[in-house]
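With TSV, C-alpha atoms inside, this is upload-v3.tsv:
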```tsv
chain	number	residue	atom	x	y	z
T	23	MET	CA	134.64	-177.63	40.61
T	24	VAL	CA	131.84	-180.09	39.91
T	25	THR	CA	129.66	-177.23	38.74
T	26	LEU	CA	132.35	-176.17	36.30
T	27	PHE	CA	132.46	-179.72	34.95
T	28	TYR	CA	128.68	-179.75	34.43
T	29	VAL	CA	128.74	-176.34	32.77
T	30	LEU	CA	131.53	-177.37	30.41
T	31	PHE	CA	129.80	-180.68	29.68
T	32	PHE	CA	126.55	-178.85	28.87
T	33	LEU	CA	128.42	-176.39	26.64
T	34	THR	CA	130.12	-179.28	24.86
T	35	ILE	CA	126.74	-180.88	24.12
T	36	LEU	CA	125.37	-177.52	22.98
T	37	HIS	CA	128.43	-176.99	20.77
T	38	PHE	CA	128.04	-180.45	19.23
T	39	ILE	CA	124.36	-179.86	18.46
T	40	TYR	CA	125.07	-176.48	16.90
T	41	GLU	CA	128.21	-177.42	14.92
T	42	GLY	CA	127.04	-180.89	13.94
T	43	ILE	CA	123.33	-180.43	13.28
T	44	ILE	CA	122.19	-176.82	13.06
T	45	LEU	CA	125.16	-175.10	11.39
T	46	PRO	CA	125.37	-177.43	8.37
T	47	SER	CA	121.70	-176.69	7.63
T	48	LEU	CA	122.28	-172.95	7.92
T	49	ARG	CA	125.31	-173.16	5.64
T	50	LEU	CA	123.32	-175.17	3.11
T	51	LYS	CA	120.62	-172.50	3.04
T	52	ILE	CA	123.25	-169.79	2.47
T	53	ARG	CA	124.87	-171.93	-0.23
T	54	PHE	CA	121.54	-172.31	-2.06
T	55	ASN	CA	120.95	-168.56	-1.82
T	56	LEU	CA	124.40	-167.93	-3.28
T	57	PHE	CA	123.69	-170.38	-6.13
T	58	ALA	CA	120.46	-168.50	-6.81
T	59	LEU	CA	122.34	-165.19	-6.85
T	60	ARG	CA	124.92	-166.60	-9.24
T	61	ASP	CA	122.15	-167.89	-11.53
T	62	LYS	CA	120.49	-164.48	-11.36
T	63	LEU	CA	123.82	-162.85	-12.31
T	64	ARG	CA	124.23	-165.18	-15.28
T	65	LYS	CA	120.69	-164.43	-16.42
T	66	LEU	CA	121.46	-160.72	-16.08
T	67	LYS	CA	124.52	-161.12	-18.28
T	68	SER	CA	122.48	-162.82	-20.97
T	69	THR	CA	119.77	-160.15	-20.70
T	70	TYR	CA	122.01	-157.06	-20.64
T	71	GLY	CA	124.83	-158.39	-22.81
T	72	LYS	CA	127.53	-155.73	-23.27
T	73	ASP	CA	125.72	-153.29	-20.94
T	74	LEU	CA	126.97	-155.47	-18.11
T	75	SER	CA	130.71	-155.55	-18.76
T	76	ASP	CA	132.57	-158.84	-18.71
T	77	GLU	CA	134.85	-157.49	-15.99
T	78	VAL	CA	131.94	-156.68	-13.65
T	79	PHE	CA	130.29	-160.00	-14.42
T	80	LEU	CA	133.48	-161.99	-13.79
T	81	ASP	CA	134.32	-160.08	-10.60
T	82	LEU	CA	130.85	-160.65	-9.18
T	83	GLN	CA	130.82	-164.29	-10.19
T	84	GLU	CA	134.26	-164.82	-8.67
T	85	SER	CA	133.22	-163.22	-5.37
T	86	ILE	CA	130.11	-165.41	-5.19
T	87	ASN	CA	132.09	-168.53	-6.12
T	88	ASN	CA	134.71	-167.74	-3.46
T	89	THR	CA	132.01	-167.30	-0.84
T	90	ILE	CA	130.50	-170.66	-1.82
T	91	ARG	CA	133.90	-172.34	-1.81
T	92	PHE	CA	135.07	-170.94	1.53
T	93	LEU	CA	131.69	-170.98	3.28
T	94	PRO	CA	132.72	-173.24	6.20
T	95	ARG	CA	135.87	-171.20	6.87
T	96	ILE	CA	134.36	-167.72	6.83
T	97	SER	CA	134.63	-166.55	10.45
T	98	ILE	CA	136.02	-163.92	12.79
T	99	GLU	CA	139.42	-165.61	12.50
T	100	LEU	CA	139.36	-165.09	8.73
T	101	ILE	CA	138.50	-161.42	9.26
T	102	PHE	CA	141.48	-160.98	11.60
T	103	GLU	CA	143.85	-162.73	9.20
T	104	ALA	CA	142.52	-160.82	6.20
T	105	THR	CA	142.87	-157.52	8.09
T	106	LYS	CA	146.48	-158.37	8.90
T	107	GLU	CA	147.21	-159.35	5.30
T	108	LEU	CA	145.56	-156.22	3.91
T	109	LYS	CA	147.65	-154.03	6.21
T	110	GLU	CA	150.81	-155.72	4.98
T	111	ASN	CA	149.78	-155.71	1.32
T	112	PRO	CA	148.20	-152.40	0.20
T	113	LYS	CA	147.97	-153.67	-3.39
T	114	LEU	CA	145.25	-156.09	-2.30
T	115	ILE	CA	143.24	-153.21	-0.83
T	116	GLN	CA	143.62	-151.21	-4.02
T	117	GLU	CA	142.56	-154.16	-6.15
T	118	ALA	CA	139.50	-154.85	-3.98
T	119	GLU	CA	138.50	-151.18	-3.92
T	120	LYS	CA	138.88	-150.99	-7.69
T	121	LYS	CA	136.55	-153.98	-8.15
T	122	ILE	CA	133.99	-152.58	-5.71
T	123	LYS	CA	133.97	-149.18	-7.46
T	124	LEU	CA	133.68	-150.88	-10.84
T	125	ILE	CA	130.62	-152.83	-9.69
T	126	GLU	CA	129.04	-149.80	-8.01
T	127	SER	CA	129.46	-147.71	-11.17
T	128	CYS	CA	128.38	-150.38	-13.68
T	129	GLY	CA	124.97	-148.82	-14.34
T	130	VAL	CA	123.04	-152.09	-13.96
T	131	GLN	CA	121.18	-151.77	-10.67
T	132	GLU	CA	120.41	-155.48	-10.49
T	133	ALA	CA	124.14	-156.27	-10.53
T	134	ILE	CA	124.71	-153.80	-7.69
T	135	ASN	CA	121.86	-155.44	-5.77
T	136	ILE	CA	123.40	-158.88	-6.33
T	137	GLN	CA	126.69	-157.62	-4.89
T	138	LYS	CA	124.86	-156.25	-1.82
T	139	GLU	CA	122.89	-159.47	-1.33
T	140	SER	CA	126.09	-161.50	-1.67
T	141	PHE	CA	127.77	-159.32	0.95
T	142	ASP	CA	124.78	-159.73	3.30
T	143	LEU	CA	125.06	-163.51	2.95
T	144	PHE	CA	128.81	-163.27	3.63
T	145	LYS	CA	128.14	-161.33	6.85
T	146	LEU	CA	125.46	-163.82	7.85
T	147	CYS	CA	127.95	-166.62	7.32
T	148	ILE	CA	130.45	-164.90	9.60
T	149	GLY	CA	127.80	-164.75	12.30
T	150	PHE	CA	126.73	-168.38	11.93
T	151	ASN	CA	130.29	-169.71	11.82
T	152	THR	CA	131.32	-167.69	14.87
T	153	LEU	CA	128.26	-168.32	17.04
T	154	ALA	CA	129.83	-171.41	18.66
T	155	LEU	CA	132.57	-169.18	20.07
T	156	PHE	CA	129.96	-167.05	21.81
T	157	ILE	CA	128.44	-170.14	23.41
T	158	TYR	CA	131.66	-170.45	25.42
T	159	LEU	CA	131.74	-166.75	26.25
T	160	ILE	CA	128.30	-166.83	27.90
T	161	PRO	CA	129.56	-168.34	31.21
T	162	LEU	CA	132.38	-165.81	31.28
T	163	ALA	CA	129.95	-162.94	30.75
T	164	VAL	CA	127.62	-164.27	33.46
T	165	THR	CA	130.53	-164.70	35.88
T	166	LEU	CA	131.84	-161.19	35.23
T	167	THR	CA	128.35	-159.74	35.68
T	168	LEU	CA	127.88	-161.58	38.96
T	169	LEU	CA	131.32	-160.52	40.19
T	170	LYS	CA	130.68	-156.92	39.24
T	171	GLY	CA	127.49	-156.93	41.27
T	172	SER	CA	129.10	-158.59	44.25
T	173	ILE	CA	132.24	-156.44	44.65
T	174	ASN	CA	130.67	-154.52	47.54
T	175	ILE	CA	129.67	-157.78	49.22
T	176	VAL	CA	133.16	-159.23	48.78
T	177	ASN	CA	134.59	-156.16	50.47
T	178	LYS	CA	132.33	-156.74	53.51
T	179	ILE	CA	132.96	-160.48	53.85
T	180	GLN	CA	136.19	-159.99	55.75
T	181	PHE	CA	134.35	-158.00	58.43
T	182	ILE	CA	131.68	-160.63	59.18
T	183	PRO	CA	131.97	-161.97	62.74
T	184	GLU	CA	133.72	-165.33	62.96
T	185	SER	CA	130.67	-167.24	64.19
T	186	GLU	CA	128.55	-165.96	61.28
T	187	ALA	CA	131.38	-166.63	58.81
T	188	GLU	CA	131.55	-170.26	60.00
T	189	LYS	CA	127.79	-170.68	59.42
T	190	ILE	CA	128.12	-169.25	55.89
T	191	ILE	CA	131.10	-171.47	55.13
T	192	GLU	CA	129.32	-174.61	56.42
T	193	SER	CA	126.12	-173.81	54.47
T	194	ALA	CA	128.26	-173.43	51.34
T	195	GLY	CA	129.68	-176.91	51.98
T	196	LEU	CA	133.19	-175.62	52.50
T	197	SER	CA	135.51	-176.91	55.21
T	198	THR	CA	136.72	-174.55	57.98
T	199	VAL	CA	139.95	-176.51	58.43
```
Output the structure of this file as structure tokens.
Amino acid sequence: MVTLFYVLFFLTILHFIYEGIILPSLRLKIRFNLFALRDKLRKLKSTYGKDLSDEVFLDLQESINNTIRFLPRISIELIFEATKELKENPKLIQEAEKKIKLIESCGVQEAINIQKESFDLFKLCIGFNTLALFIYLIPLAVTLTLLKGSINIVNKIQFIPESEAEKIIESAGLSTV
């Protein structure tokens, strides 16, 4: 039980360091990259003019702005909720697919590249914002791995002679009462 306390205490410290110190820096870097992408998009619009349609420009800019705005909340939980909402509302899927096809067929390769870079940053954000969850899953994974490897041993424990079992129990610091 004491070991569990120490493990949870260590994980809490690790979580605090990640969420309080490291993650804000990572998010800031992503935010700056998104600002740079948005500036690049605006420059593209001024360079290409009507060749880059207003609809494509506005859709791309909106997606980048939404990513910037929701950066701290982009996580696995958001993916689950969005998946549920998209299943219940097929119009949202159609609208999103329409915008994606419009961007992919716009004819300005730089705009398509900006969309891909923005999506890569979005995925990176999901990973960074969800990493703290995996910190807590590490002990579970280690425990399951150890248990899987010791199933055969567990099966044999009940057949150990009583005198040997008492020695094992005492060396483990457990009471035989």
Best match for closeness to Thr165 (chain T) among T:Ile148, T:Leu59, T:Leu26, T:Leu45, counting all atoms listed in the file: T:Leu26
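Considering the residues T:Ser85, T:Ser172, T:Ser75, T:Gln180 and counting all atoms listed in the file, Ala118 (chain T) has its shortest atom-to-atom contact with T:Ser85.
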Got a sec: who's within 7 Å of region 97-101 of chain T, counting all atoms listed in the file, leaving out chain neighbours fewer than 3 positions off, as a list of chain:residue names? T:Ala104, T:Thr105, T:Ile148, T:Asn151, T:Thr152
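Taking CA of Arg60 (chain T) and CA of Gly149 (chain T) as the two end points, the separation is 21.8 Å.
Distance check against Leu66 (chain T) using all atoms listed in the file: of T:Ser140, T:Ser193, T:Ser185, T:Gln83, the minimum falls on T:Gln83.
Among the candidates T:Val78, T:Ala133, T:Leu33, T:Ile44, the one nearest to Leu63 (chain T) when counting all atoms listed in the file is T:Ala133.
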Surrounding residues of Arg53 (chain T) excluding itself and chain neighbours under 4 positions, 8 Å, all atoms listed in the file, as a list in words: Arg49, Phe57, Ile90 and Leu93 of chain T
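Computed from the coordinates, the CA of Phe141 (chain T) to CA of Leu36 (chain T) distance equals 28.7 Å.
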Nearest to Asn88 (chain T), restricted to all atoms listed in the file and choosing among T:Ile190, T:Leu56, T:Ile35, T:Leu50, comes out as T:Leu56
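CA of Gly42 (chain T) is positioned 17.4 Å from CA of Leu30 (chain T).
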Coordinates of box centre and edge lengths for region 165-170 of chain T, 4 Å on every side, axis-aligned, as JSON:
```
{"center_x": 129.9, "center_y": -160.8, "center_z": 37.7, "size_x": 12.0, "size_y": 15.8, "size_z": 13.0}
```
Measuring atom to atom with only C-alpha atoms, identify which of T:Glu192, T:Glu110, T:Glu186, T:Glu139 is nearest to Ile86 (chain T). T:Glu139
Which protein, DNA or RNA residues have an atom at most 6 Å from (124.3, -171.6, 15.5), counting only C-alpha atoms? List them as a PyMOL selection string. chain T and resi 40+45+150+153
